[in-house]
Amino acid sequence: MAFNKMMESAKRGLATSRARVDETRAQRQRDKLLHELGEASYAEHTGHATPEAVASRLRALDDHEQALREKQERQARDIMHPGAECVDEGETVASAARKMRDLGVGSLPICGADDRLHGIITDRDIVVRCIAESQDPGHIRVRDLTGGELVWVDADADVNEVLHQMEDHQVKRLPVIENHRLVGMISESDLARNLDERRLAEFVGKVYTTS
């Protein structure tokens with residue numbers, strides 16, 4: 001119990017530190033855009049720039065501030081797809097593979113009888129830890145392939161924390177937990193619907209090109 005509290009405290013501290021870093025970066029970008037707007041306005045005043053150039057810088061500043069407002073308002077629960085499909089820890093690996101095929105996904109959350117998240121099984125786990133080890137996927141249980149760090153995010157976490165978790169742990173699907181229960185999943189398709197092009201490209205660069 002004490003260890004769990006210590007881990008939760010550490011996670012909150014890390015989230016706070018990341019939020020401060022993000023705020024600093026956002027402020028620097030805003031300062032840069034304001035500086036560019038000032039330069040464009042002065043150039044227009046002296047006849048060295050057109051009104052369109054000023055309008056372009058102003059739009060860039062407005063877009064930046066709008067994106068910040070949206071990120072501050074949205075939480076994991078707002079961008080996840082609810083009702084995540086689980087695989088029971090007692091099911092066979094073959095059953096999990098069929099479920100992945102039918103759903104068109106490369107990983108599934110593992111749930112137990114307590115309806116809580118026990119782990120994640122991926123298509124890579126099936127290949128490397130089952131097939132490559134000459135084990136029978138029709139007999140090996142999903143629980144036998146669980147292991148490693150369990151990565152998830154609280155439903156109240158903001159979008160920046162969601163991105164940090166996925167990028168830091170190189171995962172493309174992230175479970176969302178509320179009151180110790182799995183309430184949804186966030187995938188790259190959810191991010192594509194909710195991120196601007198710049199931030200989405202940054203996510204792809206950090207996760208896909210190094211995975």
# chains A, B, ... in the order shown; residues from 1 in each chain; ligands from 1
$ select_by_dssp --residues "stretch 3-153 of chain A" --states "strand (DSSP E or B)" --output "list in words"
Gln75, His81, Pro82, Val87, Asp88, Thr92, Ser107, Leu108, Pro109, Ile110, Cys111, Leu117, His118, Gly119, Ile120, Ile121, Thr122, Arg141 and Val153 of chain A
$ residues_around --residues "A:Ile120" --least-positions-apart "4" --cutoff "8 Å" --atoms "only C-alpha atoms" --output "list in words"
Ser107, Leu108, Pro109, Ile110, Thr146 and Leu150 of chain A
$ residues_around --residues "A:Val176" --least-positions-apart "2" --cutoff "10 Å" --atoms "only C-alpha atoms" --output "list in words"
Ala76, Arg77, Met80, His81, Pro82, Ala84, Leu117, Val151, Trp152, Val153, Asp154, Ala155, Asp156, Ala157, Val162, Arg173, Leu174, Glu178, His180, Arg181, Leu182, Val183, Gly184, Met185 and Ile186 of chain A
$ select_by_dssp --residues "stretch 45-179 of chain A" --states "helix (DSSP H, G or I)" --output "number ranges by chain"
A: 45, 51-73, 76-79, 93-103, 123-131, 142-145, 159-168
$ atom_distance --atom1 "atom CA of A:Asp123" --atom2 "atom CA of A:Gly104"
11.2 Å
$ atom_distance --atom1 "atom CA of A:Leu191" --atom2 "atom CA of A:Leu163"
8.8 Å
$ atom_distance --atom1 "atom CA of A:Met166" --atom2 "atom CA of A:Gly90"
27.1 Å
$ closest_residue --among "A:Glu188, A:Glu85, A:Asp115, A:Ala55" --to "A:Leu103" --atoms "only C-alpha atoms"
A:Glu85
$ residues_around --residues "A:His64" --least-positions-apart "3" --cutoff "9 Å" --atoms "only C-alpha atoms" --output "list in words"
Ala26, Gln29, Arg30, Leu33, Arg59, Ala60, Leu61, Ala67, Leu68 and Arg69 of chain A
$ decode --residues "stretch 97-133 of chain A" --atoms "N, CA, C and O atoms" --output "PDB file, in the first residue's frame"
ATOM      1  N   ALA A  97      -5.736 -13.633 -30.336  1.00  0.00           N
ATOM      2  CA  ALA A  97      -5.295 -13.306 -31.692  1.00  0.00           C
ATOM      3  C   ALA A  97      -6.487 -13.150 -32.618  1.00  0.00           C
ATOM      4  O   ALA A  97      -6.531 -12.228 -33.457  1.00  0.00           O
ATOM      5  N   ARG A  98      -7.480 -14.032 -32.482  1.00  0.00           N
ATOM      6  CA  ARG A  98      -8.679 -13.929 -33.322  1.00  0.00           C
ATOM      7  C   ARG A  98      -9.439 -12.637 -33.022  1.00  0.00           C
ATOM      8  O   ARG A  98      -9.982 -11.994 -33.923  1.00  0.00           O
ATOM      9  N   LYS A  99      -9.472 -12.275 -31.752  1.00  0.00           N
ATOM     10  CA  LYS A  99     -10.177 -11.045 -31.376  1.00  0.00           C
ATOM     11  C   LYS A  99      -9.460  -9.827 -31.954  1.00  0.00           C
ATOM     12  O   LYS A  99     -10.104  -8.879 -32.429  1.00  0.00           O
ATOM     13  N   MET A 100      -8.121  -9.846 -31.924  1.00  0.00           N
ATOM     14  CA  MET A 100      -7.357  -8.757 -32.535  1.00  0.00           C
ATOM     15  C   MET A 100      -7.663  -8.655 -34.027  1.00  0.00           C
ATOM     16  O   MET A 100      -7.848  -7.566 -34.571  1.00  0.00           O
ATOM     17  N   ARG A 101      -7.701  -9.821 -34.680  1.00  0.00           N
ATOM     18  CA  ARG A 101      -7.990  -9.841 -36.114  1.00  0.00           C
ATOM     19  C   ARG A 101      -9.375  -9.260 -36.403  1.00  0.00           C
ATOM     20  O   ARG A 101      -9.541  -8.427 -37.296  1.00  0.00           O
ATOM     21  N   ASP A 102     -10.355  -9.683 -35.643  1.00  0.00           N
ATOM     22  CA  ASP A 102     -11.731  -9.243 -35.880  1.00  0.00           C
ATOM     23  C   ASP A 102     -11.899  -7.745 -35.623  1.00  0.00           C
ATOM     24  O   ASP A 102     -12.695  -7.079 -36.296  1.00  0.00           O
ATOM     25  N   LEU A 103     -11.159  -7.224 -34.623  1.00  0.00           N
ATOM     26  CA  LEU A 103     -11.272  -5.811 -34.282  1.00  0.00           C
ATOM     27  C   LEU A 103     -10.329  -4.938 -35.100  1.00  0.00           C
ATOM     28  O   LEU A 103     -10.455  -3.707 -35.091  1.00  0.00           O
ATOM     29  N   GLY A 104      -9.372  -5.577 -35.771  1.00  0.00           N
ATOM     30  CA  GLY A 104      -8.412  -4.813 -36.554  1.00  0.00           C
ATOM     31  C   GLY A 104      -7.441  -4.025 -35.701  1.00  0.00           C
ATOM     32  O   GLY A 104      -7.070  -2.893 -36.031  1.00  0.00           O
ATOM     33  N   VAL A 105      -7.006  -4.611 -34.567  1.00  0.00           N
ATOM     34  CA  VAL A 105      -6.085  -3.929 -33.651  1.00  0.00           C
ATOM     35  C   VAL A 105      -4.859  -4.802 -33.412  1.00  0.00           C
ATOM     36  O   VAL A 105      -4.865  -6.005 -33.692  1.00  0.00           O
ATOM     37  N   GLY A 106      -3.813  -4.185 -32.882  1.00  0.00           N
ATOM     38  CA  GLY A 106      -2.579  -4.920 -32.611  1.00  0.00           C
ATOM     39  C   GLY A 106      -2.329  -5.181 -31.146  1.00  0.00           C
ATOM     40  O   GLY A 106      -1.298  -5.739 -30.778  1.00  0.00           O
ATOM     41  N   SER A 107      -3.277  -4.793 -30.296  1.00  0.00           N
ATOM     42  CA  SER A 107      -3.125  -5.039 -28.859  1.00  0.00           C
ATOM     43  C   SER A 107      -4.497  -5.015 -28.197  1.00  0.00           C
ATOM     44  O   SER A 107      -5.436  -4.406 -28.724  1.00  0.00           O
ATOM     45  N   LEU A 108      -4.576  -5.679 -27.049  1.00  0.00           N
ATOM     46  CA  LEU A 108      -5.827  -5.722 -26.296  1.00  0.00           C
ATOM     47  C   LEU A 108      -5.535  -5.615 -24.803  1.00  0.00           C
ATOM     48  O   LEU A 108      -4.570  -6.210 -24.305  1.00  0.00           O
ATOM     49  N   PRO A 109      -6.378  -4.889 -24.070  1.00  0.00           N
ATOM     50  CA  PRO A 109      -6.242  -4.880 -22.610  1.00  0.00           C
ATOM     51  C   PRO A 109      -6.679  -6.228 -22.045  1.00  0.00           C
ATOM     52  O   PRO A 109      -7.587  -6.876 -22.572  1.00  0.00           O
ATOM     53  N   ILE A 110      -6.012  -6.645 -20.983  1.00  0.00           N
ATOM     54  CA  ILE A 110      -6.343  -7.905 -20.311  1.00  0.00           C
ATOM     55  C   ILE A 110      -7.094  -7.581 -19.027  1.00  0.00           C
ATOM     56  O   ILE A 110      -6.601  -6.822 -18.185  1.00  0.00           O
ATOM     57  N   CYS A 111      -8.290  -8.133 -18.870  1.00  0.00           N
ATOM     58  CA  CYS A 111      -9.093  -7.891 -17.680  1.00  0.00           C
ATOM     59  C   CYS A 111      -9.325  -9.198 -16.931  1.00  0.00           C
ATOM     60  O   CYS A 111      -9.359 -10.276 -17.532  1.00  0.00           O
ATOM     61  N   GLY A 112      -9.481  -9.074 -15.632  1.00  0.00           N
ATOM     62  CA  GLY A 112      -9.750 -10.238 -14.802  1.00  0.00           C
ATOM     63  C   GLY A 112     -11.200 -10.269 -14.357  1.00  0.00           C
ATOM     64  O   GLY A 112     -12.030  -9.462 -14.782  1.00  0.00           O
ATOM     65  N   ALA A 113     -11.492 -11.207 -13.469  1.00  0.00           N
ATOM     66  CA  ALA A 113     -12.865 -11.333 -12.958  1.00  0.00           C
ATOM     67  C   ALA A 113     -13.282 -10.102 -12.169  1.00  0.00           C
ATOM     68  O   ALA A 113     -14.476  -9.835 -11.996  1.00  0.00           O
ATOM     69  N   ASP A 114     -12.307  -9.341 -11.677  1.00  0.00           N
ATOM     70  CA  ASP A 114     -12.607  -8.135 -10.904  1.00  0.00           C
ATOM     71  C   ASP A 114     -12.894  -6.928 -11.796  1.00  0.00           C
ATOM     72  O   ASP A 114     -13.102  -5.818 -11.310  1.00  0.00           O
ATOM     73  N   ASP A 115     -12.886  -7.141 -13.127  1.00  0.00           N
ATOM     74  CA  ASP A 115     -13.182  -6.077 -14.086  1.00  0.00           C
ATOM     75  C   ASP A 115     -12.125  -4.973 -14.055  1.00  0.00           C
ATOM     76  O   ASP A 115     -12.395  -3.839 -14.441  1.00  0.00           O
ATOM     77  N   ARG A 116     -10.922  -5.315 -13.610  1.00  0.00           N
ATOM     78  CA  ARG A 116      -9.839  -4.345 -13.562  1.00  0.00           C
ATOM     79  C   ARG A 116      -8.763  -4.708 -14.587  1.00  0.00           C
ATOM     80  O   ARG A 116      -8.642  -5.848 -15.000  1.00  0.00           O
ATOM     81  N   LEU A 117      -7.989  -3.717 -14.963  1.00  0.00           N
ATOM     82  CA  LEU A 117      -6.942  -3.908 -15.953  1.00  0.00           C
ATOM     83  C   LEU A 117      -5.780  -4.676 -15.336  1.00  0.00           C
ATOM     84  O   LEU A 117      -5.216  -4.274 -14.327  1.00  0.00           O
ATOM     85  N   HIS A 118      -5.424  -5.807 -15.955  1.00  0.00           N
ATOM     86  CA  HIS A 118      -4.324  -6.632 -15.460  1.00  0.00           C
ATOM     87  C   HIS A 118      -3.096  -6.563 -16.357  1.00  0.00           C
ATOM     88  O   HIS A 118      -2.018  -7.012 -15.954  1.00  0.00           O
ATOM     89  N   GLY A 119      -3.260  -6.051 -17.555  1.00  0.00           N
ATOM     90  CA  GLY A 119      -2.123  -5.986 -18.463  1.00  0.00           C
ATOM     91  C   GLY A 119      -2.568  -5.686 -19.877  1.00  0.00           C
ATOM     92  O   GLY A 119      -3.727  -5.388 -20.141  1.00  0.00           O
ATOM     93  N   ILE A 120      -1.617  -5.776 -20.796  1.00  0.00           N
ATOM     94  CA  ILE A 120      -1.870  -5.569 -22.214  1.00  0.00           C
ATOM     95  C   ILE A 120      -1.180  -6.709 -22.965  1.00  0.00           C
ATOM     96  O   ILE A 120      -0.041  -7.066 -22.654  1.00  0.00           O
ATOM     97  N   ILE A 121      -1.875  -7.274 -23.937  1.00  0.00           N
ATOM     98  CA  ILE A 121      -1.248  -8.261 -24.805  1.00  0.00           C
ATOM     99  C   ILE A 121      -1.188  -7.686 -26.207  1.00  0.00           C
ATOM    100  O   ILE A 121      -2.174  -7.104 -26.687  1.00  0.00           O
ATOM    101  N   THR A 122      -0.041  -7.812 -26.863  1.00  0.00           N
ATOM    102  CA  THR A 122       0.147  -7.263 -28.199  1.00  0.00           C
ATOM    103  C   THR A 122       0.408  -8.387 -29.194  1.00  0.00           C
ATOM    104  O   THR A 122       0.748  -9.517 -28.811  1.00  0.00           O
ATOM    105  N   ASP A 123       0.271  -8.057 -30.476  1.00  0.00           N
ATOM    106  CA  ASP A 123       0.582  -9.047 -31.495  1.00  0.00           C
ATOM    107  C   ASP A 123       2.050  -9.456 -31.427  1.00  0.00           C
ATOM    108  O   ASP A 123       2.409 -10.609 -31.708  1.00  0.00           O
ATOM    109  N   ARG A 124       2.907  -8.524 -31.005  1.00  0.00           N
ATOM    110  CA  ARG A 124       4.334  -8.849 -30.861  1.00  0.00           C
ATOM    111  C   ARG A 124       4.542  -9.859 -29.731  1.00  0.00           C
ATOM    112  O   ARG A 124       5.375 -10.767 -29.844  1.00  0.00           O
ATOM    113  N   ASP A 125       3.791  -9.718 -28.626  1.00  0.00           N
ATOM    114  CA  ASP A 125       3.876 -10.699 -27.539  1.00  0.00           C
ATOM    115  C   ASP A 125       3.551 -12.096 -28.050  1.00  0.00           C
ATOM    116  O   ASP A 125       4.225 -13.077 -27.709  1.00  0.00           O
ATOM    117  N   ILE A 126       2.525 -12.184 -28.871  1.00  0.00           N
ATOM    118  CA  ILE A 126       2.089 -13.485 -29.387  1.00  0.00           C
ATOM    119  C   ILE A 126       3.182 -14.112 -30.252  1.00  0.00           C
ATOM    120  O   ILE A 126       3.482 -15.306 -30.137  1.00  0.00           O
ATOM    121  N   VAL A 127       3.795 -13.293 -31.102  1.00  0.00           N
ATOM    122  CA  VAL A 127       4.823 -13.808 -32.005  1.00  0.00           C
ATOM    123  C   VAL A 127       6.104 -14.162 -31.252  1.00  0.00           C
ATOM    124  O   VAL A 127       6.653 -15.260 -31.408  1.00  0.00           O
ATOM    125  N   VAL A 128       6.585 -13.224 -30.435  1.00  0.00           N
ATOM    126  CA  VAL A 128       7.896 -13.390 -29.799  1.00  0.00           C
ATOM    127  C   VAL A 128       7.855 -14.323 -28.591  1.00  0.00           C
ATOM    128  O   VAL A 128       8.743 -15.171 -28.413  1.00  0.00           O
ATOM    129  N   ARG A 129       6.813 -14.206 -27.782  1.00  0.00           N
ATOM    130  CA  ARG A 129       6.798 -14.945 -26.517  1.00  0.00           C
ATOM    131  C   ARG A 129       5.989 -16.234 -26.573  1.00  0.00           C
ATOM    132  O   ARG A 129       5.985 -16.998 -25.607  1.00  0.00           O
ATOM    133  N   CYS A 130       5.295 -16.441 -27.695  1.00  0.00           N
ATOM    134  CA  CYS A 130       4.518 -17.679 -27.822  1.00  0.00           C
ATOM    135  C   CYS A 130       4.969 -18.480 -29.048  1.00  0.00           C
ATOM    136  O   CYS A 130       5.552 -19.550 -28.920  1.00  0.00           O
ATOM    137  N   ILE A 131       4.718 -17.961 -30.232  1.00  0.00           N
ATOM    138  CA  ILE A 131       5.045 -18.687 -31.458  1.00  0.00           C
ATOM    139  C   ILE A 131       6.543 -18.969 -31.556  1.00  0.00           C
ATOM    140  O   ILE A 131       6.951 -20.110 -31.835  1.00  0.00           O
ATOM    141  N   ALA A 132       7.366 -17.936 -31.346  1.00  0.00           N
ATOM    142  CA  ALA A 132       8.814 -18.111 -31.482  1.00  0.00           C
ATOM    143  C   ALA A 132       9.392 -19.056 -30.435  1.00  0.00           C
ATOM    144  O   ALA A 132      10.466 -19.619 -30.628  1.00  0.00           O
ATOM    145  N   GLU A 133       8.668 -19.233 -29.329  1.00  0.00           N
ATOM    146  CA  GLU A 133       9.119 -20.150 -28.273  1.00  0.00           C
ATOM    147  C   GLU A 133       8.517 -21.549 -28.453  1.00  0.00           C
ATOM    148  O   GLU A 133       8.594 -22.375 -27.544  1.00  0.00           O
TER     149      GLU A 133
END
